[in-house]
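Before any comments, here is the structure.
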Amino acid sequence: MSNPELALLIAVPIVAATLPLLAGLKFEAVGWPIAALTAAVELALAGSVVRRVVAEGRFVHNLGGYPRTYGIELVVDEFSAVVISLIAVVTLVVVAYARRGGPRENAFYSAFLLLLGGLMGVGLTGDVFNMFVFLEIVGLATYALVAADRSARAALASLKYLIVGTAGASLYLVGVGFLLVATGTLNMTDLAATIPETVGYTDPLIVASFCFVAVGLSVKAAIFPLHTWISDAYAESPDTVTAYISGLASTLGAYALARLVYVVYTPAFFEAVPLAGDALVAFATVSIVAGSVLAVIQSDVKRMLAYSSVAQFGMIVAAFGLATEQALVGGIVHLVGHGLMKTALFLGVGVIASAYGIRTVRQYANLGYRSPVAVAAIAALLLGLVGVPPSIGFLGKWYIAWGAIEAGAPIVAAVVLFSTLLTLLYVARLLETMYFQPADDIEGAVTADGRGVRLLSDGGSGDDGDERPVSFGMVFVVAALSVAAVALGFAGPVFEAFLDPFLEAVL
């Protein structure tokens, strides 16, 4: 079938990625307008796709008109529609923030748009090998973006991410090879039919393929103990980059794992090989606890939020491994909620860093009164991360815990509750510092780069008369996302109704 909007969602940003470099040969600072226009087009295309999914349900596009047996198929259903909507919204928000927050180099926007095309490809592909291709596009672009500020620490973090990410991609590719050898096809729909009919779920090649695929994608999703790249990548990259990759890069890794579990292997695989499902849930559960504990002991705010992601993605993967309706809804809702909240939190951290040049929890003293709007938005997002109702963080955790009880796994529900308490520890510490610790503790403090801490407020200029580098628009973006995170906490019935056809198809 010909549904070109699916191909355009991938092709538009990849083609646009060449324009900042080409135009940059003659013009300066053309990257941001090109990225902004591309982001707007992607949002419009995503909206069109979502409307069509609501009206018609799942639909496909065969590139070049070739049948899926040997062609490339793009697929959109309710699950992927949610994911591409998240990508489009986060992209537009981050581009709007970058107008003042930077970076401003044309090369940065070329890598940024290439990453956008790769993310859309992961969300829409119906072929396991092409998922590998798009994951590699995502990886290569992310490695470049992490090192965008060209510092030694950022370069080292990028190299570490490159090594670990390449290992994960290689493991995934080995699993895809096993699937091809066992079934003779790479199309997800064909694999779902061929595995039970001609091979069997217990075939050693199928079991081995699942193990390699699950481990490889767990690296992308930063599941403990395969998370070692995440803290340096998030902490050392520019704030705009951190916000984008934290909201989307690992999110698409978790999405890819869920897509293969439910569309290729199907829940019947877990019934035939219960150890596979149990192992996936067990490792994810350990990640919830380990990530939360590691976050509690951090003093750097970006590292604290990075380790928090390890816990949150553990929760999401555990939900996908439980394979019940409520758990699957919870995993998808939490995937969306985490993407929005972490994007906003890292953008908020960027606002504070731009204004004051500070990074650690101790240096956040009394910021609630010096920058009331930005800090209030950060506080609301942090409470959403804990799971305080009516935020989307609460909604996702509620469904996951409910699904765990439904699946007969009360330990997972207990771990979700325990993780919530640990999250409350580091969130409460940061909130207490921002609102109740005197600013005298940081007057005259010096940041890691040797610059003195500037104590400014939302809007206006510093005492020395220098223009404040943080615009109203940057603060507005963070505040708007915090409002969205709270508003989506009331959208449980909407998520259930929209996802119902997907749930019926895979469960």
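FYI, nothing fancy with the structure tokens labels: chains A, B, ... in order, residues from 1 per chain, ligands from 1 as they appear.
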Could you list, as a PDB file with all heavy atoms, in the first residue's frame, every residue within 9 Å of A:Phe108, counting only C-alpha atoms and ignoring same-chain residues fewer than 3 positions away?
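Saved as selection26.pdb:
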ATOM      1  N   PRO A  20      21.806  22.229   6.578  1.00  0.00           N
ATOM      2  CA  PRO A  20      22.656  23.157   7.348  1.00  0.00           C
ATOM      3  C   PRO A  20      24.111  23.137   6.914  1.00  0.00           C
ATOM      4  O   PRO A  20      24.768  24.188   6.887  1.00  0.00           O
ATOM      5  CB  PRO A  20      22.486  22.652   8.795  1.00  0.00           C
ATOM      6  CG  PRO A  20      21.153  21.986   8.809  1.00  0.00           C
ATOM      7  CD  PRO A  20      21.034  21.333   7.462  1.00  0.00           C
ATOM      8  N   GLY A  31      21.223  26.811  10.599  1.00  0.00           N
ATOM      9  CA  GLY A  31      20.812  25.510  11.136  1.00  0.00           C
ATOM     10  C   GLY A  31      19.502  25.563  11.892  1.00  0.00           C
ATOM     11  O   GLY A  31      18.629  24.706  11.703  1.00  0.00           O
ATOM     12  N   PRO A 103      23.111  24.608  21.358  1.00  0.00           N
ATOM     13  CA  PRO A 103      24.168  25.145  20.501  1.00  0.00           C
ATOM     14  C   PRO A 103      23.631  25.760  19.207  1.00  0.00           C
ATOM     15  O   PRO A 103      22.498  25.511  18.832  1.00  0.00           O
ATOM     16  CB  PRO A 103      25.041  23.916  20.191  1.00  0.00           C
ATOM     17  CG  PRO A 103      24.713  22.929  21.262  1.00  0.00           C
ATOM     18  CD  PRO A 103      23.263  23.163  21.586  1.00  0.00           C
ATOM     19  N   ARG A 104      24.504  26.519  18.524  1.00  0.00           N
ATOM     20  CA  ARG A 104      24.060  27.251  17.341  1.00  0.00           C
ATOM     21  C   ARG A 104      24.798  26.848  16.065  1.00  0.00           C
ATOM     22  O   ARG A 104      24.506  27.370  14.997  1.00  0.00           O
ATOM     23  CB  ARG A 104      24.220  28.755  17.571  1.00  0.00           C
ATOM     24  CG  ARG A 104      23.349  29.275  18.713  1.00  0.00           C
ATOM     25  CD  ARG A 104      23.554  30.745  18.968  1.00  0.00           C
ATOM     26  NE  ARG A 104      22.617  31.231  19.974  1.00  0.00           N
ATOM     27  CZ  ARG A 104      22.796  31.126  21.280  1.00  0.00           C
ATOM     28  NH1 ARG A 104      23.880  30.543  21.739  1.00  0.00           N
ATOM     29  NH2 ARG A 104      21.903  31.585  22.138  1.00  0.00           N
ATOM     30  N   GLU A 105      25.758  25.928  16.154  1.00  0.00           N
ATOM     31  CA  GLU A 105      26.541  25.556  14.985  1.00  0.00           C
ATOM     32  C   GLU A 105      25.675  24.793  13.977  1.00  0.00           C
ATOM     33  O   GLU A 105      24.805  24.003  14.341  1.00  0.00           O
ATOM     34  CB  GLU A 105      27.729  24.676  15.387  1.00  0.00           C
ATOM     35  CG  GLU A 105      28.762  25.371  16.267  1.00  0.00           C
ATOM     36  CD  GLU A 105      28.376  25.361  17.728  1.00  0.00           C
ATOM     37  OE1 GLU A 105      27.311  24.787  18.054  1.00  0.00           O
ATOM     38  OE2 GLU A 105      29.113  25.930  18.546  1.00  0.00           O
ATOM     39  N   ALA A 111      23.420  16.998  12.705  1.00  0.00           N
ATOM     40  CA  ALA A 111      23.384  15.770  13.513  1.00  0.00           C
ATOM     41  C   ALA A 111      22.044  15.620  14.217  1.00  0.00           C
ATOM     42  O   ALA A 111      21.508  14.515  14.335  1.00  0.00           O
ATOM     43  CB  ALA A 111      24.529  15.789  14.529  1.00  0.00           C
ATOM     44  N   PHE A 112      21.498  16.738  14.689  1.00  0.00           N
ATOM     45  CA  PHE A 112      20.208  16.716  15.379  1.00  0.00           C
ATOM     46  C   PHE A 112      19.108  16.190  14.451  1.00  0.00           C
ATOM     47  O   PHE A 112      18.298  15.334  14.841  1.00  0.00           O
ATOM     48  CB  PHE A 112      19.876  18.130  15.854  1.00  0.00           C
ATOM     49  CG  PHE A 112      18.573  18.262  16.596  1.00  0.00           C
ATOM     50  CD1 PHE A 112      18.530  18.093  17.979  1.00  0.00           C
ATOM     51  CD2 PHE A 112      17.398  18.551  15.937  1.00  0.00           C
ATOM     52  CE1 PHE A 112      17.337  18.212  18.673  1.00  0.00           C
ATOM     53  CE2 PHE A 112      16.200  18.681  16.611  1.00  0.00           C
ATOM     54  CZ  PHE A 112      16.161  18.509  17.985  1.00  0.00           C
ATOM     55  N   LEU A 113      19.055  16.672  13.224  1.00  0.00           N
ATOM     56  CA  LEU A 113      18.022  16.245  12.274  1.00  0.00           C
ATOM     57  C   LEU A 113      18.244  14.805  11.827  1.00  0.00           C
ATOM     58  O   LEU A 113      17.279  14.060  11.593  1.00  0.00           O
ATOM     59  CB  LEU A 113      17.998  17.179  11.074  1.00  0.00           C
ATOM     60  CG  LEU A 113      17.502  18.597  11.375  1.00  0.00           C
ATOM     61  CD1 LEU A 113      17.684  19.495  10.158  1.00  0.00           C
ATOM     62  CD2 LEU A 113      16.040  18.577  11.807  1.00  0.00           C
ATOM     63  N   ALA A 144      27.858  11.911  18.178  1.00  0.00           N
ATOM     64  CA  ALA A 144      28.342  13.233  17.741  1.00  0.00           C
ATOM     65  C   ALA A 144      27.769  14.350  18.608  1.00  0.00           C
ATOM     66  O   ALA A 144      28.483  15.291  18.982  1.00  0.00           O
ATOM     67  CB  ALA A 144      27.978  13.456  16.276  1.00  0.00           C
ATOM     68  N   LEU A 145      26.485  14.254  18.951  1.00  0.00           N
ATOM     69  CA  LEU A 145      25.846  15.307  19.729  1.00  0.00           C
ATOM     70  C   LEU A 145      26.374  15.367  21.155  1.00  0.00           C
ATOM     71  O   LEU A 145      26.486  16.451  21.739  1.00  0.00           O
ATOM     72  CB  LEU A 145      24.334  15.096  19.746  1.00  0.00           C
ATOM     73  CG  LEU A 145      23.619  15.357  18.414  1.00  0.00           C
ATOM     74  CD1 LEU A 145      22.150  14.942  18.508  1.00  0.00           C
ATOM     75  CD2 LEU A 145      23.727  16.821  18.022  1.00  0.00           C
ATOM     76  N   ALA A 148      29.286  17.530  21.331  1.00  0.00           N
ATOM     77  CA  ALA A 148      29.063  18.761  20.565  1.00  0.00           C
ATOM     78  C   ALA A 148      29.831  19.958  21.104  1.00  0.00           C
ATOM     79  O   ALA A 148      30.203  20.847  20.336  1.00  0.00           O
ATOM     80  CB  ALA A 148      27.565  19.077  20.519  1.00  0.00           C
TER      81      ALA A 148
END
Task: Filtered DSSP result for stretch 58-229 of chain A, state alpha helix (DSSP H), as a ChimeraX atom specification - done: /A:78-101,106-124,128-146,152-183,188-194,204-220
Would you give me, as a Markdown table, each residue of stretch 69-180 of chain A having an atom within 12 Å of an atom of stretch 468-492 of chain A, along with its shortest atom pair and that distance in Å to one decimal, using only C-alpha atoms and sorting by chain and residue number?
| residue | atom | partner | partner_atom | distance |
| --- | --- | --- | --- | --- |
| A:Val89 | CA | A:Leu481 | CA | 10.2 |
| A:Val90 | CA | A:Leu481 | CA | 9.5 |
| A:Leu92 | CA | A:Val477 | CA | 10.3 |
| A:Val93 | CA | A:Val477 | CA | 6.8 |
| A:Val94 | CA | A:Val477 | CA | 8.5 |
| A:Val95 | CA | A:Val477 | CA | 10.3 |
| A:Ala96 | CA | A:Val477 | CA | 7.8 |
| A:Tyr97 | CA | A:Met474 | CA | 5.2 |
| A:Ala98 | CA | A:Met474 | CA | 8.2 |
| A:Arg99 | CA | A:Met474 | CA | 8.6 |
| A:Arg100 | CA | A:Ser471 | CA | 6.7 |
| A:Gly101 | CA | A:Met474 | CA | 7.2 |
| A:Gly102 | CA | A:Pro469 | CA | 10.6 |
Could you take the residues named above and write them with C-alpha atoms, as a PDB file, in the first residue's frame?
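Generated output (part_1.pdb):
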ATOM      1  CA  VAL A  89       6.392  17.087  20.266  1.00  0.00           C
ATOM      2  CA  VAL A  90       9.716  16.732  22.093  1.00  0.00           C
ATOM      3  CA  LEU A  92       9.643  20.903  18.470  1.00  0.00           C
ATOM      4  CA  VAL A  93       9.998  21.814  22.154  1.00  0.00           C
ATOM      5  CA  VAL A  94      13.760  21.220  22.204  1.00  0.00           C
ATOM      6  CA  VAL A  95      14.265  23.180  18.985  1.00  0.00           C
ATOM      7  CA  ALA A  96      12.276  26.088  20.461  1.00  0.00           C
ATOM      8  CA  TYR A  97      14.468  25.981  23.577  1.00  0.00           C
ATOM      9  CA  ALA A  98      17.653  25.817  21.490  1.00  0.00           C
ATOM     10  CA  ARG A  99      16.807  29.141  19.819  1.00  0.00           C
ATOM     11  CA  ARG A 100      18.338  30.854  22.839  1.00  0.00           C
ATOM     12  CA  GLY A 101      19.828  27.928  24.726  1.00  0.00           C
ATOM     13  CA  GLY A 102      22.074  26.751  21.855  1.00  0.00           C
TER      14      GLY A 102
END
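Nearest to A:Leu159 of all the residues A:Val219, A:Thr69, A:Trp229, A:Ala141 is A:Trp229, counting only C-alpha atoms.
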Set the distance at 8 Å and use only C-alpha atoms: which residues neighbour A:Ala284 once local chain neighbours fewer than 6 positions away are removed? I'd like the list as a compact mmCIF listing (two decimals) with N, CA, C and O atoms, in the first residue's frame.
# COMPACT_ATOMS: atom_id res chain seq x y z
N ILE A 223 19.43 -0.38 30.85
CA ILE A 223 19.00 -1.25 31.94
C ILE A 223 20.22 -1.74 32.71
O ILE A 223 21.20 -2.20 32.12
N PHE A 224 20.19 -1.65 34.03
CA PHE A 224 21.29 -2.11 34.88
C PHE A 224 21.52 -3.61 34.65
O PHE A 224 20.55 -4.37 34.60
N PHE A 313 13.42 3.32 33.35
CA PHE A 313 13.39 2.38 32.23
C PHE A 313 13.31 0.94 32.71
O PHE A 313 12.74 0.08 32.04
N GLY A 314 13.88 0.67 33.88
CA GLY A 314 13.70 -0.66 34.47
C GLY A 314 12.23 -0.93 34.74
O GLY A 314 11.71 -2.03 34.48
N MET A 315 11.53 0.08 35.22
CA MET A 315 10.10 -0.04 35.49
C MET A 315 9.32 -0.29 34.19
O MET A 315 8.41 -1.13 34.14
N VAL A 317 10.48 -1.57 31.28
CA VAL A 317 10.78 -2.89 30.72
C VAL A 317 10.14 -3.99 31.55
O VAL A 317 9.65 -4.99 31.00
N ALA A 318 10.11 -3.83 32.86
CA ALA A 318 9.42 -4.82 33.70
C ALA A 318 7.95 -4.90 33.34
O ALA A 318 7.36 -5.99 33.26
Closest contacts (stretch 351-390 of chain A/stretch 420-435 of chain A, max 8 Å, only C-alpha atoms) as a tab-separated table:
residue	atom	partner	partner_atom	distance
A:Val361	CA	A:Leu430	CA	6.1
A:Arg362	CA	A:Thr433	CA	6.8
A:Tyr364	CA	A:Met434	CA	5.4
A:Ala365	CA	A:Met434	CA	4.8
A:Asn366	CA	A:Met434	CA	4.6
A:Leu367	CA	A:Met434	CA	4.9
A:Gly368	CA	A:Tyr435	CA	5.0
A:Tyr369	CA	A:Tyr435	CA	7.0
A:Val375	CA	A:Met434	CA	7.7
A:Ala379	CA	A:Leu431	CA	6.7
A:Leu382	CA	A:Val427	CA	6.2
A:Leu383	CA	A:Val427	CA	7.4
A:Leu385	CA	A:Thr423	CA	7.6
A:Val386	CA	A:Thr423	CA	5.6
A:Gly387	CA	A:Thr420	CA	7.0
Would you put the residues from that selection into a file with all heavy atoms, as a short mmCIF file (atom, residue, chain, number, x, y, z; two decimals), in the first residue's frame?
data_model
loop_
_atom_site.label_atom_id
_atom_site.label_comp_id
_atom_site.auth_asym_id
_atom_site.auth_seq_id
_atom_site.Cartn_x
_atom_site.Cartn_y
_atom_site.Cartn_z
N VAL A 361 23.65 19.81 43.71
CA VAL A 361 22.49 20.01 44.57
C VAL A 361 22.74 21.12 45.56
O VAL A 361 21.89 21.99 45.78
CB VAL A 361 22.13 18.69 45.30
CG1 VAL A 361 21.02 18.93 46.31
CG2 VAL A 361 21.72 17.61 44.30
N ARG A 362 23.91 21.15 46.17
CA ARG A 362 24.21 22.16 47.20
C ARG A 362 24.12 23.57 46.63
O ARG A 362 23.69 24.51 47.32
CB ARG A 362 25.62 21.92 47.76
CG ARG A 362 26.00 22.85 48.91
CD ARG A 362 27.39 22.56 49.41
NE ARG A 362 28.39 22.96 48.43
CZ ARG A 362 28.87 24.19 48.32
NH1 ARG A 362 28.43 25.15 49.11
NH2 ARG A 362 29.79 24.47 47.42
N TYR A 364 22.11 24.68 44.50
CA TYR A 364 20.73 25.06 44.21
C TYR A 364 20.06 25.77 45.39
O TYR A 364 18.86 26.04 45.36
CB TYR A 364 19.90 23.83 43.83
CG TYR A 364 19.96 23.48 42.36
CD1 TYR A 364 21.16 23.32 41.70
CD2 TYR A 364 18.80 23.28 41.63
CE1 TYR A 364 21.23 23.00 40.36
CE2 TYR A 364 18.84 22.95 40.28
CZ TYR A 364 20.06 22.81 39.66
OH TYR A 364 20.11 22.49 38.32
N ALA A 365 20.83 26.10 46.43
CA ALA A 365 20.27 26.68 47.64
C ALA A 365 19.48 27.95 47.35
O ALA A 365 19.94 28.86 46.68
CB ALA A 365 21.40 26.99 48.63
N ASN A 366 18.24 27.98 47.87
CA ASN A 366 17.37 29.15 47.84
C ASN A 366 16.95 29.60 46.43
O ASN A 366 16.43 30.69 46.26
CB ASN A 366 18.03 30.33 48.56
CG ASN A 366 17.00 31.30 49.12
OD1 ASN A 366 15.97 30.88 49.65
ND2 ASN A 366 17.28 32.59 49.01
N LEU A 367 17.15 28.74 45.44
CA LEU A 367 16.78 29.12 44.07
C LEU A 367 15.28 29.29 43.91
O LEU A 367 14.82 29.99 43.00
CB LEU A 367 17.29 28.08 43.07
CG LEU A 367 18.78 28.09 42.77
CD1 LEU A 367 19.09 27.03 41.71
CD2 LEU A 367 19.23 29.45 42.28
N GLY A 368 14.50 28.67 44.78
CA GLY A 368 13.05 28.79 44.69
C GLY A 368 12.56 30.22 44.83
O GLY A 368 11.48 30.55 44.33
N TYR A 369 13.34 31.06 45.48
CA TYR A 369 12.96 32.45 45.68
C TYR A 369 13.69 33.38 44.72
O TYR A 369 13.27 34.51 44.53
CB TYR A 369 13.24 32.85 47.12
CG TYR A 369 12.49 31.98 48.10
CD1 TYR A 369 13.11 30.90 48.72
CD2 TYR A 369 11.14 32.21 48.37
CE1 TYR A 369 12.41 30.07 49.58
CE2 TYR A 369 10.45 31.38 49.24
CZ TYR A 369 11.09 30.31 49.84
OH TYR A 369 10.38 29.50 50.69
N VAL A 375 11.98 27.31 38.91
CA VAL A 375 12.10 26.31 39.96
C VAL A 375 10.75 25.67 40.29
O VAL A 375 10.68 24.48 40.58
CB VAL A 375 12.75 26.93 41.22
CG1 VAL A 375 12.71 25.97 42.39
CG2 VAL A 375 14.18 27.33 40.90
N ALA A 379 10.09 21.79 40.23
CA ALA A 379 9.52 21.11 41.40
C ALA A 379 8.31 20.27 41.02
O ALA A 379 8.16 19.12 41.47
CB ALA A 379 9.13 22.14 42.45
N LEU A 382 9.58 17.19 39.28
CA LEU A 382 10.19 16.26 40.22
C LEU A 382 9.13 15.49 40.99
O LEU A 382 9.26 14.27 41.22
CB LEU A 382 11.10 17.01 41.19
CG LEU A 382 12.41 17.55 40.61
CD1 LEU A 382 13.10 18.48 41.61
CD2 LEU A 382 13.35 16.40 40.23
N LEU A 383 8.07 16.16 41.40
CA LEU A 383 6.98 15.47 42.09
C LEU A 383 6.29 14.48 41.15
O LEU A 383 5.86 13.40 41.58
CB LEU A 383 5.98 16.49 42.62
CG LEU A 383 6.50 17.39 43.76
CD1 LEU A 383 5.46 18.44 44.12
CD2 LEU A 383 6.87 16.56 44.99
N LEU A 385 7.88 12.88 38.83
CA LEU A 385 8.82 11.77 38.76
C LEU A 385 8.64 10.83 39.95
O LEU A 385 8.75 9.60 39.80
CB LEU A 385 10.24 12.32 38.73
CG LEU A 385 11.36 11.41 38.23
CD1 LEU A 385 11.14 11.05 36.77
CD2 LEU A 385 12.71 12.09 38.41
N VAL A 386 8.34 11.39 41.11
CA VAL A 386 8.06 10.56 42.29
C VAL A 386 6.80 9.73 42.06
O VAL A 386 6.71 8.56 42.44
CB VAL A 386 7.90 11.44 43.54
CG1 VAL A 386 7.45 10.60 44.74
CG2 VAL A 386 9.21 12.15 43.86
N GLY A 387 5.81 10.35 41.40
CA GLY A 387 4.53 9.68 41.19
C GLY A 387 3.41 10.29 42.02
O GLY A 387 2.45 9.61 42.37
#
TODO: Pick out the residues sitting within 9 Å of A:Arg58, and hand them over as a VMD selection string; count only C-alpha atoms, and ignore anything fewer than 6 positions along from it in its own chain.
DONE: chain A and resid 52 75 to 78 501 to 502
Open item on the list: With only C-alpha atoms as the counted atoms, please give the residues lying no more than 12 Å from A:Leu179, apart from itself and same-chain residues fewer than 3 positions off, as a VMD selection string.
Closed with: chain A and resid 127 to 129 172 to 176 182 to 188 190 to 192 194 to 195 199 to 201 203 to 213 260 264 to 265
Open item on the list: Which residues are close to A:Leu162, i.e. within 12 Å by only C-alpha atoms, leaving aside same-chain residues fewer than 5 positions away? Reply as a PyMOL selection string.
Closed with: chain A and resi 136+138-147+155-157+167-170+219-220+228-230+232-233
Output N, CA, C and O atoms of each residue in that selection to a file, as an mmCIF file, in the first residue's frame.
data_model
loop_
_atom_site.group_PDB
_atom_site.id
_atom_site.type_symbol
_atom_site.label_atom_id
_atom_site.label_comp_id
_atom_site.auth_asym_id
_atom_site.auth_seq_id
_atom_site.Cartn_x
_atom_site.Cartn_y
_atom_site.Cartn_z
ATOM 1 N N GLU A 136 21.289 2.299 14.527
ATOM 2 C CA GLU A 136 22.662 2.748 14.305
ATOM 3 C C GLU A 136 22.705 4.220 13.894
ATOM 4 O O GLU A 136 23.614 4.952 14.282
ATOM 5 N N VAL A 138 20.571 6.426 14.906
ATOM 6 C CA VAL A 138 20.358 7.093 16.189
ATOM 7 C C VAL A 138 21.655 7.126 16.993
ATOM 8 O O VAL A 138 22.044 8.169 17.552
ATOM 9 N N GLY A 139 22.334 5.984 17.045
ATOM 10 C CA GLY A 139 23.565 5.908 17.816
ATOM 11 C C GLY A 139 24.647 6.836 17.292
ATOM 12 O O GLY A 139 25.259 7.604 18.047
ATOM 13 N N LEU A 140 24.899 6.806 15.994
ATOM 14 C CA LEU A 140 25.961 7.625 15.408
ATOM 15 C C LEU A 140 25.689 9.110 15.611
ATOM 16 O O LEU A 140 26.597 9.884 15.941
ATOM 17 N N ALA A 141 24.448 9.520 15.397
ATOM 18 C CA ALA A 141 24.112 10.930 15.602
ATOM 19 C C ALA A 141 24.247 11.317 17.070
ATOM 20 O O ALA A 141 24.721 12.416 17.394
ATOM 21 N N THR A 142 23.846 10.432 17.964
ATOM 22 C CA THR A 142 23.934 10.728 19.395
ATOM 23 C C THR A 142 25.375 10.841 19.851
ATOM 24 O O THR A 142 25.718 11.722 20.658
ATOM 25 N N TYR A 143 26.249 9.962 19.355
ATOM 26 C CA TYR A 143 27.663 10.052 19.722
ATOM 27 C C TYR A 143 28.220 11.422 19.357
ATOM 28 O O TYR A 143 28.973 12.031 20.126
ATOM 29 N N ALA A 144 27.858 11.911 18.178
ATOM 30 C CA ALA A 144 28.342 13.233 17.741
ATOM 31 C C ALA A 144 27.769 14.350 18.608
ATOM 32 O O ALA A 144 28.483 15.291 18.982
ATOM 33 N N LEU A 145 26.485 14.254 18.951
ATOM 34 C CA LEU A 145 25.846 15.307 19.729
ATOM 35 C C LEU A 145 26.374 15.367 21.155
ATOM 36 O O LEU A 145 26.486 16.451 21.739
ATOM 37 N N VAL A 146 26.677 14.213 21.742
ATOM 38 C CA VAL A 146 27.213 14.194 23.108
ATOM 39 C C VAL A 146 28.517 14.985 23.167
ATOM 40 O O VAL A 146 28.805 15.688 24.152
ATOM 41 N N ALA A 147 29.313 14.897 22.116
ATOM 42 C CA ALA A 147 30.601 15.601 22.080
ATOM 43 C C ALA A 147 30.494 16.971 21.417
ATOM 44 O O ALA A 147 31.507 17.549 21.006
ATOM 45 N N ALA A 155 34.089 14.418 24.993
ATOM 46 C CA ALA A 155 34.656 13.484 24.024
ATOM 47 C C ALA A 155 34.826 12.096 24.641
ATOM 48 O O ALA A 155 34.547 11.074 23.993
ATOM 49 N N LEU A 156 35.278 12.054 25.898
ATOM 50 C CA LEU A 156 35.437 10.775 26.581
ATOM 51 C C LEU A 156 34.085 10.100 26.803
ATOM 52 O O LEU A 156 33.948 8.885 26.612
ATOM 53 N N ALA A 157 33.074 10.880 27.197
ATOM 54 C CA ALA A 157 31.736 10.329 27.381
ATOM 55 C C ALA A 157 31.188 9.794 26.066
ATOM 56 O O ALA A 157 30.551 8.730 26.029
ATOM 57 N N ALA A 167 28.557 -2.312 21.092
ATOM 58 C CA ALA A 167 28.428 -3.677 21.615
ATOM 59 C C ALA A 167 26.958 -4.095 21.673
ATOM 60 O O ALA A 167 26.598 -5.215 21.283
ATOM 61 N N GLY A 168 26.098 -3.186 22.149
ATOM 62 C CA GLY A 168 24.672 -3.497 22.201
ATOM 63 C C GLY A 168 24.083 -3.724 20.830
ATOM 64 O O GLY A 168 23.306 -4.661 20.613
ATOM 65 N N ALA A 169 24.455 -2.866 19.865
ATOM 66 C CA ALA A 169 23.947 -3.028 18.501
ATOM 67 C C ALA A 169 24.429 -4.331 17.894
ATOM 68 O O ALA A 169 23.681 -5.003 17.154
ATOM 69 N N SER A 170 25.655 -4.714 18.179
ATOM 70 C CA SER A 170 26.190 -5.970 17.646
ATOM 71 C C SER A 170 25.434 -7.175 18.199
ATOM 72 O O SER A 170 25.128 -8.131 17.463
ATOM 73 N N VAL A 219 20.877 -2.513 26.423
ATOM 74 C CA VAL A 219 21.971 -1.539 26.413
ATOM 75 C C VAL A 219 21.437 -0.185 25.955
ATOM 76 O O VAL A 219 21.716 0.859 26.561
ATOM 77 N N LYS A 220 20.651 -0.193 24.877
ATOM 78 C CA LYS A 220 20.093 1.058 24.361
ATOM 79 C C LYS A 220 19.159 1.709 25.374
ATOM 80 O O LYS A 220 19.086 2.945 25.460
ATOM 81 N N THR A 228 26.116 1.668 31.887
ATOM 82 C CA THR A 228 27.329 2.400 32.284
ATOM 83 C C THR A 228 27.611 3.641 31.447
ATOM 84 O O THR A 228 28.333 4.541 31.885
ATOM 85 N N TRP A 229 27.036 3.722 30.259
ATOM 86 C CA TRP A 229 27.278 4.880 29.395
ATOM 87 C C TRP A 229 26.448 6.095 29.786
ATOM 88 O O TRP A 229 26.798 7.235 29.453
ATOM 89 N N ILE A 230 25.350 5.883 30.500
ATOM 90 C CA ILE A 230 24.323 6.925 30.587
ATOM 91 C C ILE A 230 24.729 8.114 31.443
ATOM 92 O O ILE A 230 24.444 9.266 31.087
ATOM 93 N N ASP A 232 27.733 9.533 32.185
ATOM 94 C CA ASP A 232 28.672 10.451 31.537
ATOM 95 C C ASP A 232 28.045 11.116 30.316
ATOM 96 O O ASP A 232 28.250 12.313 30.075
ATOM 97 N N ALA A 233 27.281 10.347 29.527
ATOM 98 C CA ALA A 233 26.661 10.916 28.325
ATOM 99 C C ALA A 233 25.699 12.037 28.677
ATOM 100 O O ALA A 233 25.671 13.084 28.023
#
So that I can check the secondary structure, give me every residue of stretch 44-196 of chain A assigned strand (DSSP E or B) by backbone DSSP, as a short mmCIF file (atom, residue, chain, number, x, y, z; two decimals) with N, CA, C and O atoms, in the first residue's frame.
data_model
loop_
_atom_site.label_atom_id
_atom_site.label_comp_id
_atom_site.auth_asym_id
_atom_site.auth_seq_id
_atom_site.Cartn_x
_atom_site.Cartn_y
_atom_site.Cartn_z
N PHE A 59 -2.08 0.85 9.66
CA PHE A 59 -1.88 0.83 8.22
C PHE A 59 -0.38 0.79 7.92
O PHE A 59 0.45 1.04 8.80
N VAL A 60 -0.05 0.44 6.67
CA VAL A 60 1.35 0.20 6.30
C VAL A 60 1.70 0.95 5.03
O VAL A 60 0.82 1.43 4.30
N HIS A 61 3.01 1.03 4.79
CA HIS A 61 3.52 1.60 3.54
C HIS A 61 4.69 0.73 3.08
O HIS A 61 5.65 0.54 3.82
N ASN A 62 4.60 0.20 1.86
CA ASN A 62 5.68 -0.60 1.29
C ASN A 62 6.52 0.29 0.39
O ASN A 62 6.04 0.79 -0.63
N GLU A 73 9.01 -2.49 4.73
CA GLU A 73 7.67 -2.11 5.15
C GLU A 73 7.72 -1.16 6.34
O GLU A 73 8.46 -1.39 7.31
N LEU A 74 6.95 -0.09 6.25
CA LEU A 74 6.75 0.81 7.37
C LEU A 74 5.36 0.60 7.92
O LEU A 74 4.40 0.46 7.15
N VAL A 75 5.24 0.55 9.24
CA VAL A 75 3.98 0.21 9.89
C VAL A 75 3.67 1.22 10.97
O VAL A 75 4.56 1.63 11.72
N VAL A 76 2.42 1.62 11.05
CA VAL A 76 1.99 2.44 12.17
C VAL A 76 0.73 1.84 12.77
O VAL A 76 -0.21 1.48 12.05
N THR A 125 9.45 1.36 11.52
CA THR A 125 9.87 0.22 10.72
C THR A 125 9.12 -1.06 11.09
O THR A 125 8.80 -1.29 12.25
N ASP A 127 10.48 -4.02 9.99
CA ASP A 127 11.51 -4.98 9.60
C ASP A 127 12.61 -4.97 10.68
O ASP A 127 13.10 -3.91 11.05
N ASN A 187 10.81 -9.62 8.12
CA ASN A 187 9.63 -8.80 8.34
C ASN A 187 8.95 -9.21 9.65
O ASN A 187 8.78 -10.40 9.93
#
